[in-house]
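Student: Next comes entry.cif, mmCIF, C-alpha atoms and all ligand atoms:
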data_model
loop_
_atom_site.label_atom_id
_atom_site.label_comp_id
_atom_site.auth_asym_id
_atom_site.auth_seq_id
_atom_site.Cartn_x
_atom_site.Cartn_y
_atom_site.Cartn_z
CA MET A 1 66.18 83.46 99.96
CA THR A 2 66.57 80.85 97.21
CA ILE A 3 69.81 80.53 95.29
CA SER A 4 69.31 78.59 92.07
CA GLY A 5 71.82 77.29 89.58
CA ALA A 6 71.27 80.51 87.62
CA ALA A 7 72.19 82.78 90.53
CA ILE A 8 74.36 85.83 89.85
CA VAL A 9 77.40 85.75 92.12
CA GLY A 10 79.48 88.70 93.25
CA GLY A 11 81.96 88.93 96.05
CA VAL A 12 84.63 90.78 97.95
CA CYS A 13 88.26 89.80 98.20
CA GLY A 14 90.81 90.92 100.79
CA ALA A 15 93.23 89.65 103.39
CA PRO A 16 91.93 89.64 106.03
CA ILE A 17 88.27 89.73 105.00
CA LYS A 18 86.29 88.54 107.99
CA HIS A 19 85.53 92.07 109.32
CA SER A 20 84.24 93.29 105.93
CA LEU A 21 80.78 94.88 106.09
CA SER A 22 80.21 94.37 102.36
CA PRO A 23 78.63 90.87 102.45
CA ALA A 24 75.98 92.01 104.95
CA LEU A 25 75.15 95.13 102.92
CA HIS A 26 74.99 93.50 99.48
CA ASN A 27 73.04 90.48 100.74
CA ALA A 28 70.51 92.75 102.48
CA TRP A 29 69.97 94.52 99.14
CA ILE A 30 69.78 91.17 97.30
CA ALA A 31 67.15 89.87 99.75
CA ALA A 32 65.06 93.06 99.56
CA ALA A 33 65.15 93.02 95.76
CA GLY A 34 64.24 89.30 95.70
CA LEU A 35 67.18 88.57 93.42
CA ASP A 36 68.44 85.10 92.58
CA ALA A 37 71.93 86.15 93.61
CA ALA A 38 74.62 85.99 96.27
CA TYR A 39 77.58 88.06 97.47
CA VAL A 40 80.38 86.16 99.16
CA PRO A 41 83.67 86.94 100.94
CA PHE A 42 86.98 85.55 99.64
CA SER A 43 90.41 85.67 101.23
CA PRO A 44 92.98 84.21 98.83
CA GLY A 45 96.54 83.79 100.07
CA VAL A 46 98.48 87.01 99.59
CA ASN A 47 100.72 85.34 96.98
CA ASN A 48 97.76 83.84 95.10
CA PHE A 49 95.74 86.93 94.27
CA GLU A 50 96.44 86.94 90.51
CA THR A 51 95.83 83.18 90.15
CA PHE A 52 92.59 83.56 92.08
CA VAL A 53 91.32 86.47 89.97
CA ASN A 54 92.42 84.99 86.64
CA GLY A 55 90.40 81.87 87.49
CA PHE A 56 87.20 83.91 87.14
CA ARG A 57 87.94 85.03 83.58
CA GLY A 58 85.00 84.27 81.32
CA GLY A 59 82.44 85.08 83.98
CA ALA A 60 82.51 82.25 86.54
CA ILE A 61 81.31 85.04 88.81
CA ARG A 62 80.02 88.45 87.73
CA GLY A 63 82.49 90.55 89.65
CA LEU A 64 84.56 91.22 92.73
CA ASN A 65 85.12 94.06 95.10
CA VAL A 66 88.72 94.28 96.18
CA THR A 67 90.07 95.62 99.45
CA ILE A 68 93.33 95.81 101.42
CA PRO A 69 95.98 94.75 100.41
CA PHE A 70 95.03 93.94 96.81
CA LYS A 71 93.74 97.20 95.25
CA GLU A 72 96.89 98.05 93.27
CA ARG A 73 97.30 94.46 92.09
CA ALA A 74 93.63 94.41 91.05
CA LEU A 75 94.31 97.26 88.63
CA ALA A 76 97.42 95.50 87.30
CA VAL A 77 95.64 92.20 86.62
CA ALA A 78 92.82 93.86 84.65
CA ASP A 79 92.83 94.27 80.85
CA HIS A 80 91.16 97.67 80.86
CA ALA A 81 90.26 100.24 83.47
CA SER A 82 88.19 103.37 84.01
CA ASP A 83 89.93 106.77 84.08
CA LEU A 84 89.28 106.94 87.81
CA ALA A 85 90.95 103.59 88.52
CA ARG A 86 93.92 104.54 86.35
CA MET A 87 94.26 107.94 88.02
CA ALA A 88 93.90 106.40 91.48
CA GLY A 89 96.43 103.68 90.60
CA ALA A 90 94.11 101.19 92.26
CA ALA A 91 90.85 99.31 91.71
CA ASN A 92 88.22 98.20 94.19
CA LEU A 93 85.90 96.71 91.57
CA LEU A 94 86.63 94.03 88.95
CA ILE A 95 84.04 92.93 86.41
CA PHE A 96 84.49 89.65 84.51
CA ALA A 97 83.22 89.86 80.92
CA ALA A 98 82.02 86.86 78.92
CA ASP A 99 84.90 87.36 76.43
CA GLY A 100 87.41 86.52 79.19
CA SER A 101 88.54 90.09 79.85
CA ILE A 102 88.58 91.89 83.19
CA HIS A 103 87.51 95.51 83.62
CA ALA A 104 88.76 97.50 86.63
CA ASP A 105 87.03 100.44 88.26
CA ASN A 106 87.38 102.46 91.42
CA THR A 107 84.24 103.42 93.35
CA ASP A 108 86.03 104.74 96.47
CA GLY A 109 86.30 108.23 94.98
CA PRO A 110 82.62 108.43 93.96
CA GLY A 111 81.88 107.07 97.47
CA LEU A 112 83.77 109.97 98.98
CA LEU A 113 81.97 112.53 96.78
CA GLY A 114 78.61 110.89 97.51
CA ALA A 115 79.26 111.04 101.26
CA ILE A 116 80.10 114.75 101.03
CA ALA A 117 76.98 115.41 98.94
CA GLU A 118 74.84 113.58 101.53
CA GLN A 119 76.29 114.89 104.79
CA ALA A 120 77.51 118.36 103.71
CA LYS A 121 74.64 119.27 101.38
CA GLY A 122 75.40 122.02 98.90
CA PHE A 123 79.16 121.93 99.48
CA ASP A 124 81.16 122.78 96.35
CA VAL A 125 84.52 120.97 96.18
CA SER A 126 85.75 123.43 93.55
CA ALA A 127 85.14 126.52 95.68
CA ALA A 128 88.18 126.43 98.00
CA PRO A 129 91.45 124.51 98.47
CA VAL A 130 91.37 120.95 99.80
CA VAL A 131 93.80 119.64 102.42
CA ILE A 132 94.28 115.87 102.56
CA LEU A 133 96.11 114.38 105.54
CA GLY A 134 97.78 111.15 104.38
CA ALA A 135 99.30 109.92 101.14
CA GLY A 136 98.36 106.23 100.97
CA GLY A 137 95.93 104.46 98.65
CA ALA A 138 92.88 106.17 100.14
CA ALA A 139 94.40 109.63 99.66
CA ARG A 140 95.32 108.79 96.06
CA GLY A 141 91.76 107.72 95.27
CA ALA A 142 90.42 110.88 96.91
CA VAL A 143 92.73 113.10 94.83
CA ALA A 144 91.63 111.42 91.59
CA ALA A 145 87.92 111.86 92.37
CA LEU A 146 88.28 115.42 93.67
CA LEU A 147 90.25 116.54 90.60
CA LEU A 148 87.63 115.02 88.29
CA ALA A 149 84.96 116.80 90.37
CA GLY A 150 86.67 120.16 89.79
CA ALA A 151 88.91 120.72 92.82
CA ALA A 152 91.39 123.41 91.81
CA ARG A 153 94.07 122.91 94.46
CA ILE A 154 94.79 119.94 96.74
CA THR A 155 97.55 119.95 99.34
CA ILE A 156 98.78 116.60 100.62
CA VAL A 157 100.23 116.65 104.13
CA ASN A 158 101.89 113.41 105.12
CA ARG A 159 104.26 112.17 107.83
CA THR A 160 106.50 110.78 105.09
CA LEU A 161 106.91 113.74 102.74
CA VAL A 162 108.36 111.65 99.93
CA ARG A 163 105.03 109.75 99.64
CA ALA A 164 103.14 113.05 99.35
CA ARG A 165 105.57 114.10 96.60
CA GLU A 166 104.79 110.88 94.72
CA LEU A 167 101.17 112.05 94.49
CA VAL A 168 102.30 115.44 93.19
CA GLU A 169 104.28 113.67 90.47
CA ALA A 170 101.33 111.43 89.62
CA PHE A 171 98.70 114.19 89.46
CA GLY A 172 100.49 117.36 88.36
CA PRO A 173 100.44 121.02 89.31
CA GLN A 174 97.03 121.20 91.01
CA VAL A 175 98.41 118.94 93.74
CA VAL A 176 101.12 120.09 96.14
CA ALA A 177 102.92 118.41 99.02
CA ALA A 178 103.52 119.98 102.41
CA GLU A 179 104.84 119.13 105.85
CA ASP A 180 102.80 119.20 109.08
CA SER A 181 104.45 122.49 109.97
CA ALA A 182 102.67 124.15 106.99
CA LEU A 183 99.18 123.38 108.37
CA PRO A 184 98.67 126.65 110.32
CA GLY A 185 99.12 128.47 107.00
CA LEU A 186 96.96 126.08 104.98
CA LEU A 187 93.95 125.53 107.24
CA PRO A 188 92.59 129.14 107.24
CA GLU A 189 92.14 128.85 103.44
CA ALA A 190 90.78 125.28 103.36
CA GLY A 191 87.26 124.47 102.20
CA LEU A 192 87.61 120.75 102.89
CA VAL A 193 89.96 118.86 105.19
CA ILE A 194 90.10 115.07 104.92
CA ASN A 195 91.79 112.62 107.26
CA ALA A 196 93.06 109.86 104.94
CA THR A 197 95.60 108.52 107.44
CA ALA A 198 95.02 105.53 109.67
CA LEU A 199 95.17 107.84 112.73
CA GLY A 200 92.09 107.54 114.94
CA LEU A 201 91.34 103.95 113.93
CA GLY A 202 90.14 101.98 116.96
CA GLY A 203 89.53 105.10 119.04
CA GLY A 204 92.97 106.75 119.18
CA GLU A 205 93.82 110.35 118.49
CA GLY A 206 93.40 111.68 114.96
CA PRO A 207 95.83 113.94 113.09
CA ALA A 208 97.03 116.88 115.17
CA ALA A 209 95.72 119.60 112.78
CA ASP A 210 94.13 122.54 114.67
CA LEU A 211 90.67 122.52 113.09
CA THR A 212 89.65 125.77 114.81
CA LEU A 213 91.91 127.50 112.25
CA THR A 214 89.62 126.47 109.35
CA PRO A 215 86.93 128.85 108.05
CA GLU A 216 83.52 128.42 109.70
CA THR A 217 82.20 127.12 106.38
CA ALA A 218 84.83 124.38 106.10
CA VAL A 219 83.80 120.72 105.90
CA ILE A 220 85.85 118.16 107.83
CA MET A 221 85.82 114.53 106.73
CA ASP A 222 87.36 111.43 108.28
CA MET A 223 87.79 108.27 106.19
CA VAL A 224 88.21 106.25 109.38
CA TYR A 225 84.81 104.82 110.40
CA LYS A 226 85.68 102.74 113.45
CA PRO A 227 84.68 104.43 115.71
CA LEU A 228 82.04 106.33 113.78
CA ARG A 229 82.61 109.59 115.65
CA THR A 230 86.40 109.68 115.59
CA GLU A 231 88.42 111.99 117.81
CA PHE A 232 89.12 114.08 114.67
CA LEU A 233 85.40 114.46 113.87
CA ARG A 234 84.58 115.22 117.52
CA ARG A 235 87.15 118.02 117.43
CA ALA A 236 85.61 119.33 114.21
CA GLU A 237 82.15 119.28 115.76
CA ALA A 238 83.42 121.07 118.87
CA ALA A 239 84.77 123.78 116.53
CA GLY A 240 81.31 124.04 114.93
CA ARG A 241 82.31 122.63 111.54
CA ARG A 242 80.18 120.39 109.30
CA THR A 243 81.46 116.81 109.29
CA VAL A 244 81.35 113.82 106.94
CA ASP A 245 82.00 110.33 108.29
CA GLY A 246 83.89 107.43 106.74
CA LEU A 247 80.96 105.05 107.05
CA GLU A 248 78.92 107.09 104.56
CA MET A 249 81.84 106.82 102.12
CA LEU A 250 81.98 103.06 102.61
CA LEU A 251 78.23 102.71 102.05
CA ARG A 252 78.30 104.91 98.95
CA GLN A 253 81.16 103.03 97.28
CA ALA A 254 79.06 99.86 97.49
CA VAL A 255 76.23 101.28 95.35
CA PRO A 256 77.94 101.30 91.91
CA SER A 257 79.39 97.85 92.67
CA PHE A 258 75.92 96.44 93.35
CA GLU A 259 74.64 98.01 90.13
CA ALA A 260 77.54 96.52 88.15
CA PHE A 261 77.02 93.04 89.60
CA TYR A 262 73.24 92.71 89.63
CA GLY A 263 72.08 95.26 87.03
CA ILE A 264 69.71 97.22 89.28
CA ALA A 265 70.01 100.00 91.84
CA PRO A 266 70.02 98.86 95.48
CA PRO A 267 66.48 98.93 96.94
CA ALA A 268 66.16 102.30 98.67
CA GLU A 269 64.08 100.90 101.52
CA VAL A 270 67.02 98.96 103.01
CA ASP A 271 68.62 100.96 105.82
CA VAL A 272 72.19 99.82 105.19
CA ARG A 273 73.56 102.46 107.53
CA SER A 274 71.69 100.88 110.46
CA ILE A 275 72.87 97.42 109.43
CA ALA A 276 76.48 98.67 109.31
CA LEU A 277 76.19 100.53 112.63
CA LYS A 278 74.94 97.34 114.32
CA LEU A 279 77.84 95.34 112.88
CA LEU A 280 80.28 98.04 114.03
CA GLY A 281 78.79 97.88 117.55
CA GLU A 282 77.62 101.50 117.25
CA ALA A 283 73.87 100.90 117.52
P1 LIG B 1 97.74 103.20 103.60
O1 LIG B 1 97.94 103.15 102.12
O2 LIG B 1 98.41 102.20 104.48
O3 LIG B 1 98.19 104.69 104.09
C1 LIG B 1 98.18 105.00 105.45
C2 LIG B 1 98.38 106.51 105.64
O4 LIG B 1 98.31 106.80 107.04
C3 LIG B 1 99.76 107.00 105.17
O5 LIG B 1 99.65 108.33 104.70
C4 LIG B 1 100.57 106.97 106.48
O6 LIG B 1 101.65 107.86 106.50
C5 LIG B 1 99.51 107.44 107.46
N1 LIG B 1 99.84 107.04 108.83
C6 LIG B 1 99.76 105.78 109.35
N2 LIG B 1 100.13 105.81 110.65
C7 LIG B 1 100.46 107.10 110.93
C8 LIG B 1 100.93 107.77 112.09
N3 LIG B 1 101.15 107.11 113.25
N4 LIG B 1 101.17 109.11 112.04
C9 LIG B 1 100.97 109.79 110.89
N5 LIG B 1 100.52 109.21 109.74
C10 LIG B 1 100.28 107.88 109.77
O7 LIG B 1 96.19 103.11 103.98
P2 LIG B 1 94.94 103.62 103.10
O8 LIG B 1 94.42 102.48 102.32
O9 LIG B 1 95.34 104.86 102.41
O10 LIG B 1 93.85 103.92 104.24
C11 LIG B 1 93.97 105.05 105.10
C12 LIG B 1 92.75 105.10 106.02
O11 LIG B 1 91.56 105.31 105.25
C13 LIG B 1 92.54 103.79 106.79
O12 LIG B 1 92.14 104.11 108.10
C14 LIG B 1 91.40 103.11 106.03
O13 LIG B 1 90.64 102.29 106.87
C15 LIG B 1 90.59 104.33 105.58
N6 LIG B 1 89.78 104.06 104.38
C16 LIG B 1 88.43 104.24 104.48
C17 LIG B 1 87.63 104.03 103.37
C18 LIG B 1 86.14 104.26 103.48
O14 LIG B 1 85.39 103.82 102.60
N7 LIG B 1 85.69 104.95 104.50
C19 LIG B 1 88.19 103.62 102.15
C20 LIG B 1 89.57 103.45 102.07
C21 LIG B 1 90.36 103.67 103.21
P3 LIG B 1 103.13 107.38 106.00
O15 LIG B 1 103.11 107.49 104.50
O16 LIG B 1 104.02 108.36 106.66
O17 LIG B 1 103.31 105.97 106.50
#
Represent the supplied structure as structure tokens.
Ligand code: NAP
Tutor:
Amino acid sequence: MTISGAAIVGGVCGAPIKHSLSPALHNAWIAAAGLDAAYVPFSPGVNNFETFVNGFRGGAIRGLNVTIPFKERALAVADHASDLARMAGAANLLIFAADGSIHADNTDGPGLLGAIAEQAKGFDVSAAPVVILGAGGAARGAVAALLLAGAARITIVNRTLVRARELVEAFGPQVVAAEDSALPGLLPEAGLVINATALGLGGGEGPAADLTLTPETAVIMDMVYKPLRTEFLRRAEAAGRRTVDGLEMLLRQAVPSFEAFYGIAPPAEVDVRSIALKLLGEA
């Protein structure tokens, strides 16, 4: 691959960044498309994020993906933002315009919806209540996308109830907060149950929700993708439920970023899921 002086540069910024899958995925697409382009990882000091981002104003690079712990600050540093980023209170995509301004977007939510569309074909998020376990940044992004997609009722169940209530305040009456003890009453009505906590990461136990209580038609999703088949998803499978994995969400959120950076859709022939599975030690 040749990188000329005219190359389009995109990147990803987080702290830490070295385990990010994004450089491998974007560069595989760049190579397959034969683009004069590059996608590079950045890890600015935690106190230097704004200085780092402001340095790109005017288009020194085309754009940046943003990951933990900078997503909220990415929204704050931008001059304008999409509805989704504003609703989510966080941005994972910054685009640097030639006029010096920064536009913020959030592709995590579309990634989540894309993963559901791919792995639970035909599922209608508006048809039955949604239960989200967790109330952090990932849950907030999920609520924003699900509401825009037509979800009528979303219940947030979180260890720290006050954080779940913050989401209710942010999103209004379609979103309610509940304690773990409410789950046996909520799960029999749920169309979609999402683990948006960090539980299960690295192979530990997932949230304690009894998934056998969900309707047979329910879809169970885990945002955690390391391991790919989390304990939560294995329990869902054992109960005979359809499942959606966190890796598909991660892969899907990369697509609109690539399009925003390089102006074309990612080449369909690249099997980014296989590339990611190899990097995760799952293949
Ligand atoms: P976050 O803002 O730090 O929130 C973490 C959430 O997990 C909070 O609700 C927290 O509850 C809960 N939690 C943590 N430890 C817990 C425990 N021992 N018991 C019960 N609840 C616990 O993190 P985030 O950014 O929302 O990310 C959440 C997960 O989603 C992470 O595993 C992340 O890797 C994953 N994620 C995946 C994707 C993807 O593309 N697949 C995208 C974004 C995030 P408290 O409020 O009580 O602390």
Student: Please identify all protein, DNA and RNA residues within 6 Å of ligand LIG 1 (chain B), counting all atoms listed in the file, and report them as an NGL selection string.
Tutor: :A and (134-139 or 158-160 or 163 or 196-199 or 201 or 223-225 or 246-247 or 249-250)
Student: Counting only C-alpha atoms, figure out which residue out of A:Leu213, A:Leu186, A:Leu75, A:Ala164 gets nearest to A:Ala128.
Tutor: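 Smallest distance to A:Ala128 is found for A:Leu186.
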Student: How far is it from atom CA of A:Ala238 to atom CA of A:Met221, in Å with one decimal?
Tutor: 14.0 Å
Student: Near A:Ala91, within 8 Å and counting only C-alpha atoms, which residues show up once chain neighbours fewer than 5 positions away are dropped, as number ranges by chain?
Tutor: A: 66, 71-72, 74-75, 85, 104-107
Student: Which residues come within 10 Å of stretch 118-124 of chain A, counting all atoms listed in the file, excluding same-chain residues fewer than 3 positions away, as a PDB file with C-alpha atoms, in the frame of the given file?
Tutor:
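As a result, out_18.pdb now contains:
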ATOM      1  CA  LEU A 112      83.770 109.970  98.980  1.00  0.00           C
ATOM      2  CA  LEU A 113      81.970 112.530  96.780  1.00  0.00           C
ATOM      3  CA  GLY A 114      78.610 110.890  97.510  1.00  0.00           C
ATOM      4  CA  ALA A 115      79.260 111.040 101.260  1.00  0.00           C
ATOM      5  CA  ALA A 127      85.140 126.520  95.680  1.00  0.00           C
ATOM      6  CA  ALA A 128      88.180 126.430  98.000  1.00  0.00           C
ATOM      7  CA  ALA A 149      84.960 116.800  90.370  1.00  0.00           C
ATOM      8  CA  GLY A 150      86.670 120.160  89.790  1.00  0.00           C
ATOM      9  CA  ALA A 151      88.910 120.720  92.820  1.00  0.00           C
ATOM     10  CA  GLY A 191      87.260 124.470 102.200  1.00  0.00           C
ATOM     11  CA  LEU A 192      87.610 120.750 102.890  1.00  0.00           C
ATOM     12  CA  THR A 217      82.200 127.120 106.380  1.00  0.00           C
ATOM     13  CA  ALA A 218      84.830 124.380 106.100  1.00  0.00           C
ATOM     14  CA  VAL A 219      83.800 120.720 105.900  1.00  0.00           C
ATOM     15  CA  ILE A 220      85.850 118.160 107.830  1.00  0.00           C
ATOM     16  CA  MET A 221      85.820 114.530 106.730  1.00  0.00           C
ATOM     17  CA  ARG A 242      80.180 120.390 109.300  1.00  0.00           C
ATOM     18  CA  THR A 243      81.460 116.810 109.290  1.00  0.00           C
ATOM     19  CA  VAL A 244      81.350 113.820 106.940  1.00  0.00           C
ATOM     20  CA  ASP A 245      82.000 110.330 108.290  1.00  0.00           C
ATOM     21  CA  GLU A 248      78.920 107.090 104.560  1.00  0.00           C
ATOM     22  CA  MET A 249      81.840 106.820 102.120  1.00  0.00           C
ATOM     23  CA  ARG A 252      78.300 104.910  98.950  1.00  0.00           C
TER      24      ARG A 252
END
Student: At most 7 Å is the cut-off: for each residue in stretch 11-49 of chain A with any atom that close to an atom of stretch 264-274 of chain A, write down the nearest atom pair and the distance in Å rounded to one decimal, counting all atoms listed in the file, chain first then increasing number, as CSV.
Tutor:
residue,atom,partner,partner_atom,distance
A:Leu25,CA,A:Val272,CA,6.0
A:Trp29,CA,A:Pro266,CA,5.7
A:Ala32,CA,A:Pro267,CA,6.6
A:Ala33,CA,A:Pro267,CA,6.2
Student: For a test of reading the model, state the distance in Å between atom CA of A:Val168 and atom CA of A:Arg153, rounded to one decimal.
Tutor: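 Result for atom CA of A:Val168 versus atom CA of A:Arg153: 11.2 Å, one decimal.
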Student: Could you work out how far atom CA of A:Val255 lies from atom CA of A:Glu282, giving the answer in Å with one decimal?
Tutor: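 We find that atom CA of A:Glu282 and atom CA of A:Val255 lie 21.9 Å from each other.
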Student: So which residues touch A:Ala254 within 8 Å, counting all atoms listed in the file, skipping near sequence neighbours fewer than 2 positions away, as a CSV table (one decimal) with C-alpha atoms, in the frame of the given file?
Tutor:
chain,number,residue,atom,x,y,z
A,22,SER,CA,80.2,94.4,102.4
A,26,HIS,CA,75.0,93.5,99.5
A,107,THR,CA,84.2,103.4,93.4
A,111,GLY,CA,81.9,107.1,97.5
A,250,LEU,CA,82.0,103.1,102.6
A,251,LEU,CA,78.2,102.7,102.0
A,252,ARG,CA,78.3,104.9,99.0
A,256,PRO,CA,77.9,101.3,91.9
A,257,SER,CA,79.4,97.8,92.7
A,258,PHE,CA,75.9,96.4,93.4
Student: From the set A:Leu93, A:Met87, A:Val53, A:Ala60, which residue has the shortest atom-to-atom contact distance to A:Ala260, counting all atoms listed in the file?
Tutor: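 Of the candidates, the smallest distance to A:Ala260 is held by A:Leu93.
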Student: With distances taken over only C-alpha atoms, which residue among A:Leu211, A:Ile156, A:Leu280, A:Ile8 lies nearest A:Ala178?
Tutor: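 Under the stated criterion, the closest residue is A:Ile156.
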